[in-house]
file work.pdb (PDB, C-alpha atoms)
MODEL        1
ATOM      1  CA  MET A 293    -187.445 -11.763-297.135  1.00  0.00           C
ATOM      2  CA  PRO A 294    -190.754  -9.969-297.725  1.00  0.00           C
ATOM      3  CA  ARG A 295    -190.707  -6.384-298.824  1.00  0.00           C
ATOM      4  CA  ILE A 296    -192.308  -3.750-296.578  1.00  0.00           C
ATOM      5  CA  ASP A 297    -194.220  -1.051-298.447  1.00  0.00           C
ATOM      6  CA  LEU A 298    -193.567   2.320-296.740  1.00  0.00           C
ATOM      7  CA  ARG A 299    -195.789   4.280-299.076  1.00  0.00           C
ATOM      8  CA  LEU A 300    -198.900   5.907-297.629  1.00  0.00           C
ATOM      9  CA  PRO A 301    -202.282   4.525-298.599  1.00  0.00           C
ATOM     10  CA  ARG A 302    -203.957   6.016-301.620  1.00  0.00           C
ATOM     11  CA  GLY A 303    -205.679   9.408-300.886  1.00  0.00           C
ATOM     12  CA  LEU A 304    -203.806  10.134-297.646  1.00  0.00           C
ATOM     13  CA  HIS A 305    -201.410  12.519-299.441  1.00  0.00           C
ATOM     14  CA  ARG A 306    -204.353  14.542-300.740  1.00  0.00           C
ATOM     15  CA  ARG A 307    -205.942  14.792-297.286  1.00  0.00           C
ATOM     16  CA  ALA A 308    -202.677  16.043-295.833  1.00  0.00           C
ATOM     17  CA  ALA A 309    -202.344  18.658-298.578  1.00  0.00           C
ATOM     18  CA  THR A 310    -205.912  19.808-297.969  1.00  0.00           C
ATOM     19  CA  ALA A 311    -205.273  20.183-294.241  1.00  0.00           C
ATOM     20  CA  LEU A 312    -202.106  22.175-294.951  1.00  0.00           C
ATOM     21  CA  GLU A 313    -203.924  24.463-297.406  1.00  0.00           C
ATOM     22  CA  PHE A 314    -206.701  25.014-294.857  1.00  0.00           C
ATOM     23  CA  ALA A 315    -204.167  25.846-292.116  1.00  0.00           C
ATOM     24  CA  VAL A 316    -202.503  28.396-294.379  1.00  0.00           C
ATOM     25  CA  ILE A 317    -205.676  30.079-295.655  1.00  0.00           C
ATOM     26  CA  LEU A 318    -207.673  30.103-292.381  1.00  0.00           C
ATOM     27  CA  PRO A 319    -205.851  33.118-290.805  1.00  0.00           C
ATOM     28  CA  VAL A 320    -206.273  35.085-294.026  1.00  0.00           C
ATOM     29  CA  LEU A 321    -209.998  34.329-294.147  1.00  0.00           C
ATOM     30  CA  LEU A 322    -210.493  35.177-290.461  1.00  0.00           C
ATOM     31  CA  THR A 323    -208.659  38.478-290.903  1.00  0.00           C
ATOM     32  CA  LEU A 324    -210.789  39.308-293.923  1.00  0.00           C
ATOM     33  CA  VAL A 325    -214.064  38.444-292.158  1.00  0.00           C
ATOM     34  CA  LEU A 326    -213.183  40.342-288.961  1.00  0.00           C
ATOM     35  CA  GLY A 327    -212.030  43.321-291.027  1.00  0.00           C
ATOM     36  CA  CYS A 328    -215.367  43.364-292.843  1.00  0.00           C
ATOM     37  CA  VAL A 329    -217.235  43.166-289.533  1.00  0.00           C
ATOM     38  CA  ASP A 330    -215.249  46.065-288.039  1.00  0.00           C
ATOM     39  CA  PHE A 331    -215.656  48.159-291.182  1.00  0.00           C
ATOM     40  CA  GLY A 332    -219.391  47.484-291.200  1.00  0.00           C
ATOM     41  CA  ARG A 333    -219.667  48.505-287.542  1.00  0.00           C
ATOM     42  CA  PHE A 334    -217.676  51.678-288.299  1.00  0.00           C
ATOM     43  CA  ALA A 335    -219.917  52.585-291.243  1.00  0.00           C
ATOM     44  CA  HIS A 336    -223.069  51.934-289.208  1.00  0.00           C
ATOM     45  CA  THR A 337    -221.843  54.052-286.282  1.00  0.00           C
ATOM     46  CA  TYR A 338    -220.846  56.889-288.622  1.00  0.00           C
ATOM     47  CA  ILE A 339    -224.278  56.857-290.259  1.00  0.00           C
ATOM     48  CA  VAL A 340    -226.009  56.858-286.858  1.00  0.00           C
ATOM     49  CA  VAL A 341    -223.896  59.818-285.672  1.00  0.00           C
ATOM     50  CA  THR A 342    -224.680  61.708-288.901  1.00  0.00           C
ATOM     51  CA  ASN A 343    -228.400  61.032-288.576  1.00  0.00           C
ATOM     52  CA  ALA A 344    -228.353  62.025-284.902  1.00  0.00           C
ATOM     53  CA  ALA A 345    -226.749  65.388-285.744  1.00  0.00           C
ATOM     54  CA  ARG A 346    -229.344  65.880-288.463  1.00  0.00           C
ATOM     55  CA  ALA A 347    -232.199  65.002-286.095  1.00  0.00           C
ATOM     56  CA  GLY A 348    -230.886  67.430-283.469  1.00  0.00           C
ATOM     57  CA  ALA A 349    -230.530  70.248-285.990  1.00  0.00           C
ATOM     58  CA  SER A 350    -233.975  69.515-287.370  1.00  0.00           C
ATOM     59  CA  PHE A 351    -235.520  69.705-283.904  1.00  0.00           C
ATOM     60  CA  ALA A 352    -233.605  72.914-283.173  1.00  0.00           C
ATOM     61  CA  THR A 353    -234.825  74.680-286.291  1.00  0.00           C
ATOM     62  CA  VAL A 354    -238.465  73.615-286.019  1.00  0.00           C
ATOM     63  CA  ASN A 355    -238.839  74.489-282.328  1.00  0.00           C
ATOM     64  CA  PRO A 356    -237.989  78.142-281.606  1.00  0.00           C
ATOM     65  CA  TYR A 357    -236.701  79.262-278.227  1.00  0.00           C
ATOM     66  CA  THR A 358    -236.784  82.375-276.098  1.00  0.00           C
ATOM     67  CA  ALA A 359    -234.194  83.750-273.715  1.00  0.00           C
ATOM     68  CA  GLU A 360    -236.011  82.042-270.825  1.00  0.00           C
ATOM     69  CA  THR A 361    -236.313  78.668-272.555  1.00  0.00           C
ATOM     70  CA  TYR A 362    -232.834  78.533-274.114  1.00  0.00           C
ATOM     71  CA  SER A 363    -231.329  75.959-271.717  1.00  0.00           C
ATOM     72  CA  LEU A 364    -234.449  73.779-271.906  1.00  0.00           C
ATOM     73  CA  TRP A 365    -234.304  74.048-275.707  1.00  0.00           C
ATOM     74  CA  LYS A 366    -230.670  72.881-275.710  1.00  0.00           C
ATOM     75  CA  ASP A 367    -231.624  69.942-273.458  1.00  0.00           C
ATOM     76  CA  CYS A 368    -234.417  69.018-275.874  1.00  0.00           C
ATOM     77  CA  VAL A 369    -231.953  69.126-278.787  1.00  0.00           C
ATOM     78  CA  ARG A 370    -229.680  66.750-276.867  1.00  0.00           C
ATOM     79  CA  ASP A 371    -232.664  64.479-276.161  1.00  0.00           C
ATOM     80  CA  ALA A 372    -233.471  64.400-279.883  1.00  0.00           C
ATOM     81  CA  VAL A 373    -229.863  63.404-280.619  1.00  0.00           C
ATOM     82  CA  GLU A 374    -229.905  60.709-277.912  1.00  0.00           C
ATOM     83  CA  GLN A 375    -233.208  59.369-279.215  1.00  0.00           C
ATOM     84  CA  GLU A 376    -231.640  58.898-282.644  1.00  0.00           C
ATOM     85  CA  MET A 377    -228.519  57.284-281.156  1.00  0.00           C
ATOM     86  CA  THR A 378    -230.452  54.623-279.227  1.00  0.00           C
ATOM     87  CA  GLY A 379    -230.506  52.444-282.346  1.00  0.00           C
ATOM     88  CA  LEU A 380    -226.771  51.945-281.904  1.00  0.00           C
ATOM     89  CA  ASN A 381    -225.680  48.682-280.290  1.00  0.00           C
ATOM     90  CA  ARG A 382    -224.255  49.239-276.782  1.00  0.00           C
ATOM     91  CA  PHE A 383    -224.978  52.973-276.889  1.00  0.00           C
ATOM     92  CA  ASP A 384    -223.644  54.870-273.855  1.00  0.00           C
ATOM     93  CA  ALA A 385    -225.170  58.323-273.384  1.00  0.00           C
ATOM     94  CA  GLU A 386    -222.291  59.313-271.085  1.00  0.00           C
ATOM     95  CA  GLU A 387    -219.840  59.182-274.013  1.00  0.00           C
ATOM     96  CA  LEU A 388    -222.047  61.275-276.304  1.00  0.00           C
ATOM     97  CA  ALA A 389    -221.072  64.931-276.752  1.00  0.00           C
ATOM     98  CA  VAL A 390    -223.587  67.375-278.235  1.00  0.00           C
ATOM     99  CA  LEU A 391    -222.802  71.046-278.849  1.00  0.00           C
ATOM    100  CA  THR A 392    -225.647  73.273-280.026  1.00  0.00           C
ATOM    101  CA  THR A 393    -224.866  76.725-281.387  1.00  0.00           C
ATOM    102  CA  VAL A 394    -227.196  79.419-282.676  1.00  0.00           C
ATOM    103  CA  ILE A 395    -225.861  81.384-285.644  1.00  0.00           C
ATOM    104  CA  ALA A 396    -227.532  84.750-285.999  1.00  0.00           C
ATOM    105  CA  GLY A 397    -229.025  85.572-289.357  1.00  0.00           C
ATOM    106  CA  THR A 398    -231.381  88.107-290.818  1.00  0.00           C
ATOM    107  CA  ALA A 399    -234.436  88.525-288.617  1.00  0.00           C
ATOM    108  CA  PRO A 400    -236.553  86.468-288.043  1.00  0.00           C
ATOM    109  CA  GLN A 401    -234.427  83.582-289.390  1.00  0.00           C
ATOM    110  CA  TRP A 402    -231.354  82.073-287.781  1.00  0.00           C
ATOM    111  CA  ASP A 403    -229.272  78.913-288.187  1.00  0.00           C
ATOM    112  CA  ALA A 404    -228.770  76.121-285.704  1.00  0.00           C
ATOM    113  CA  GLN A 405    -225.531  74.190-285.694  1.00  0.00           C
ATOM    114  CA  VAL A 406    -225.440  70.841-283.914  1.00  0.00           C
ATOM    115  CA  GLU A 407    -222.113  69.064-283.456  1.00  0.00           C
ATOM    116  CA  VAL A 408    -222.212  65.442-282.302  1.00  0.00           C
ATOM    117  CA  SER A 409    -219.222  63.323-281.362  1.00  0.00           C
ATOM    118  CA  TYR A 410    -219.172  59.719-280.206  1.00  0.00           C
ATOM    119  CA  PRO A 411    -216.270  57.260-279.788  1.00  0.00           C
ATOM    120  CA  PHE A 412    -215.982  54.125-281.924  1.00  0.00           C
ATOM    121  CA  GLN A 413    -213.995  51.103-280.723  1.00  0.00           C
ATOM    122  CA  THR A 414    -212.862  48.320-283.029  1.00  0.00           C
ATOM    123  CA  LEU A 415    -213.380  44.696-282.044  1.00  0.00           C
ATOM    124  CA  ILE A 416    -209.775  43.812-282.827  1.00  0.00           C
ATOM    125  CA  ASP A 417    -206.585  45.782-282.166  1.00  0.00           C
ATOM    126  CA  TRP A 418    -205.485  46.066-285.791  1.00  0.00           C
ATOM    127  CA  PRO A 419    -201.753  46.651-286.257  1.00  0.00           C
ATOM    128  CA  GLY A 420    -201.068  50.119-287.612  1.00  0.00           C
ATOM    129  CA  LEU A 421    -204.630  51.358-287.026  1.00  0.00           C
ATOM    130  CA  PRO A 422    -206.075  53.112-283.973  1.00  0.00           C
ATOM    131  CA  ASN A 423    -208.517  50.970-282.006  1.00  0.00           C
ATOM    132  CA  SER A 424    -210.538  54.001-280.887  1.00  0.00           C
ATOM    133  CA  ILE A 425    -211.778  56.768-283.173  1.00  0.00           C
ATOM    134  CA  GLU A 426    -213.832  59.828-282.237  1.00  0.00           C
ATOM    135  CA  LEU A 427    -216.575  60.184-284.834  1.00  0.00           C
ATOM    136  CA  ARG A 428    -217.702  63.799-285.271  1.00  0.00           C
ATOM    137  CA  GLN A 429    -220.448  65.268-287.374  1.00  0.00           C
ATOM    138  CA  SER A 430    -221.693  68.833-287.634  1.00  0.00           C
ATOM    139  CA  VAL A 431    -224.971  69.907-289.252  1.00  0.00           C
ATOM    140  CA  VAL A 432    -226.178  73.468-289.854  1.00  0.00           C
ATOM    141  CA  MET A 433    -229.837  74.117-290.658  1.00  0.00           C
ATOM    142  CA  ARG A 434    -231.825  77.323-291.162  1.00  0.00           C
ATOM    143  CA  THR A 435    -235.021  77.872-289.200  1.00  0.00           C
ATOM    144  CA  ILE A 436    -238.253  77.318-290.976  1.00  0.00           C
ATOM    145  CA  ARG A 437    -240.405  78.959-288.317  1.00  0.00           C
ATOM    146  CA  PRO A 438    -239.743  82.466-286.987  1.00  0.00           C
TER     147      PRO A 438
ENDMDL
END
call {"tool": "encode", "arguments": {"input": "work.pdb", "output": "structure tokens"}}
result
Amino acid sequence: MPRIDLRLPRGLHRRAATALEFAVILPVLLTLVLGCVDFGRFAHTYIVVTNAARAGASFATVNPYTAETYSLWKDCVRDAVEQEMTGLNRFDAEELAVLTTVIAGTAPQWDAQVEVSYPFQTLIDWPGLPNSIELRQSVVMRTIRP
């Protein structure tokens, strides 16, 4: 009676091992890549919020106001912040919060404080981490024009 060889052809064991290794490592690689993407988006958004607060404070200190033009001045500070934030992907001006405060100093100089907050949402709901973070930045600058 002829013998039946039940062994797999040469190389098939290696292909099966490679497929198993790929199946095991793929979730780890995807998690690492998506984590890097989310962290990069977070860092970019934080930098944009910081620069927007700086731009608002810079506008506030260079452009003096009077009692009659105070509300218009505050609107212009907000516009300067929004202008800086437009570089952000999917920017929503409705979610942007800008608080401008004047800090009295020795005449004729004063300080302007601009606080900017904007929400950041992760792409993935990471276990143990919040998927929404309120990024806040506050900048204080002294006037350079009386």
call {"tool": "closest_residue", "arguments": {"input": "work.pdb", "among": "A:Val432, A:Leu388, A:Ala396, A:Ala404", "to": "A:Val341", "atoms": "all atoms listed in the file"}}
result
A:Leu388
call {"tool": "atom_distance", "arguments": {"input": "work.pdb", "atom1": "atom CA of A:Gln401", "atom2": "atom CA of A:Tyr362"}}
result
16.2 Å
call {"tool": "resolve_selection", "arguments": {"input": "work.pdb", "expression": "the PyMOL selection byres ((chain A and resi 333) around 12)", "output": "count of residues only"}}
result
22
call {"tool": "atom_distance", "arguments": {"input": "work.pdb", "atom1": "atom CA of A:Leu322", "atom2": "atom CA of A:Glu426"}}
result
26.2 Å
call {"tool": "atom_distance", "arguments": {"input": "work.pdb", "atom1": "atom CA of A:Glu376", "atom2": "atom CA of A:Thr435"}}
result
20.4 Å
